[in-house]
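Raw contents of model.pdb, PDB, C-alpha atoms, pLDDT in the B column:
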```
MODEL        1
ATOM      1  CA  GLU O   1       0.000   0.000   0.000  1.00 84.00           C
ATOM      2  CA  PRO O   2       1.560   3.372  -0.993  1.00 81.00           C
ATOM      3  CA  LYS O   3       2.347   5.771   1.825  1.00 85.00           C
ATOM      4  CA  PRO O   4       2.817   9.542   1.603  1.00 88.00           C
ATOM      5  CA  ALA O   5       6.385  10.809   1.690  1.00 83.00           C
ATOM      6  CA  PRO O   6       7.453  12.518   4.908  1.00 87.00           C
ATOM      7  CA  ALA O   7       7.418  16.322   4.757  1.00 90.00           C
ATOM      8  CA  TRP O   8      10.650  18.322   4.590  1.00 88.00           C
ATOM      9  CA  SER O   9      11.518  21.989   4.731  1.00 91.00           C
ATOM     10  CA  GLY O  10      13.745  23.945   2.383  1.00 90.00           C
ATOM     11  CA  ILE O  11      15.299  22.537  -0.776  1.00 85.00           C
ATOM     12  CA  ARG O  12      15.484  18.764  -1.005  1.00 80.00           C
ATOM     13  CA  ASP O  13      18.901  17.425  -2.030  1.00 81.00           C
ATOM     14  CA  GLY O  14      18.490  15.511  -5.271  1.00 77.00           C
ATOM     15  CA  SER O  15      22.151  15.387  -6.257  1.00 80.00           C
ATOM     16  CA  LEU O  16      22.617  11.653  -5.628  1.00 80.00           C
ATOM     17  CA  PRO O  17      20.847   8.894  -7.571  1.00 76.00           C
ATOM     18  CA  PHE O  18      18.499   6.554  -5.729  1.00 76.00           C
ATOM     19  CA  PRO O  19      19.085   2.778  -5.492  1.00 74.00           C
ATOM     20  CA  LYS O  20      18.724   0.722  -8.652  1.00 77.00           C
ATOM     21  CA  CYS O  21      15.988  -1.890  -9.019  1.00 79.00           C
ATOM     22  CA  SER O  22      16.765  -5.546  -8.296  1.00 77.00           C
ATOM     23  CA  GLN O  23      18.370  -7.485 -11.117  1.00 73.00           C
ATOM     24  CA  THR O  24      19.823 -10.963 -11.254  1.00 67.00           C
ATOM     25  CA  THR O  25      23.113 -11.723 -12.917  1.00 64.00           C
ATOM     26  CA  VAL O  26      23.282 -15.318 -14.116  1.00 60.00           C
ATOM     27  CA  PHE O  27      26.736 -16.565 -15.027  1.00 60.00           C
ATOM     28  CA  LYS O  28      25.978 -20.241 -14.336  1.00 57.00           C
ATOM     29  CA  LEU O  29      22.601 -21.920 -14.079  1.00 58.00           C
ATOM     30  CA  LYS O  30      23.127 -22.840 -10.396  1.00 61.00           C
ATOM     31  CA  ASN O  31      24.904 -19.695  -9.178  1.00 63.00           C
ATOM     32  CA  TYR O  32      23.402 -16.246  -9.423  1.00 65.00           C
ATOM     33  CA  THR O  33      23.495 -12.998  -7.497  1.00 67.00           C
ATOM     34  CA  VAL O  34      20.880 -10.310  -7.002  1.00 69.00           C
ATOM     35  CA  HIS O  35      21.879  -6.649  -7.200  1.00 70.00           C
ATOM     36  CA  GLY O  36      19.738  -3.674  -6.182  1.00 74.00           C
ATOM     37  CA  GLN O  37      16.687  -3.149  -3.989  1.00 74.00           C
ATOM     38  CA  GLU O  38      12.972  -3.814  -4.303  1.00 76.00           C
ATOM     39  CA  ASP O  39      12.171  -0.280  -3.092  1.00 76.00           C
ATOM     40  CA  CYS O  40      13.229   1.423  -6.310  1.00 75.00           C
ATOM     41  CA  LEU O  41      10.314   3.337  -7.812  1.00 77.00           C
ATOM     42  CA  TYR O  42      11.680   6.865  -8.226  1.00 77.00           C
ATOM     43  CA  LEU O  43      11.386   9.600 -10.815  1.00 79.00           C
ATOM     44  CA  ASN O  44      14.490  11.462 -11.940  1.00 76.00           C
ATOM     45  CA  VAL O  45      13.804  14.996 -13.173  1.00 78.00           C
ATOM     46  CA  PHE O  46      16.472  16.873 -15.124  1.00 79.00           C
ATOM     47  CA  THR O  47      16.254  20.613 -15.807  1.00 80.00           C
ATOM     48  CA  PRO O  48      18.575  23.148 -17.410  1.00 85.00           C
ATOM     49  CA  ARG O  49      20.822  25.032 -15.051  1.00 79.00           C
ATOM     50  CA  VAL O  50      19.026  28.059 -13.620  1.00 73.00           C
ATOM     51  CA  GLY O  51      20.619  31.490 -13.563  1.00 60.00           C
TER      52      GLY O  51
ENDMDL
END
```
What do you get writing this file as structure tokens?
Amino acid sequence: EPKPAPAWSGIRDGSLPFPKCSQTTVFKLKNYTVHGQEDCLYLNVFTPRVG
């Protein structure tokens, strides 16, 4: 169930990327690793530099 984001004051720091979504890397059929997180639904917004 979605929950509202906690409130913050001032300008929110968006200079660092958020975690990547989970992905499996299969090199052998029996051995695999999972990279990333399940909590990965974010929106990146890019704008031109202001003033």
Discussion item. What does the structure give for the distance between CA of Leu41 (chain O) and CA of Gln23 (chain O), in Å to one decimal?
Written reply: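 Those two atoms sit 13.9 Å apart.
Here CA of Gln37 (chain O) stands at a distance of 4.9 Å from CA of Ser22 (chain O).
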Item to complete: Could you check how far CA of Asp39 (chain O) sits from CA of Pro4 (chain O), in Å to one decimal?
Response: 14.4 Å
Worksheet item: Any idea what's packed within 10 Å of region 44-51 of chain O, counting all atoms listed in the file, ignoring anything in its chain fewer than 6 positions away? Could you give it as an NGL selection string?
Response: :O and (14 or 17-18)
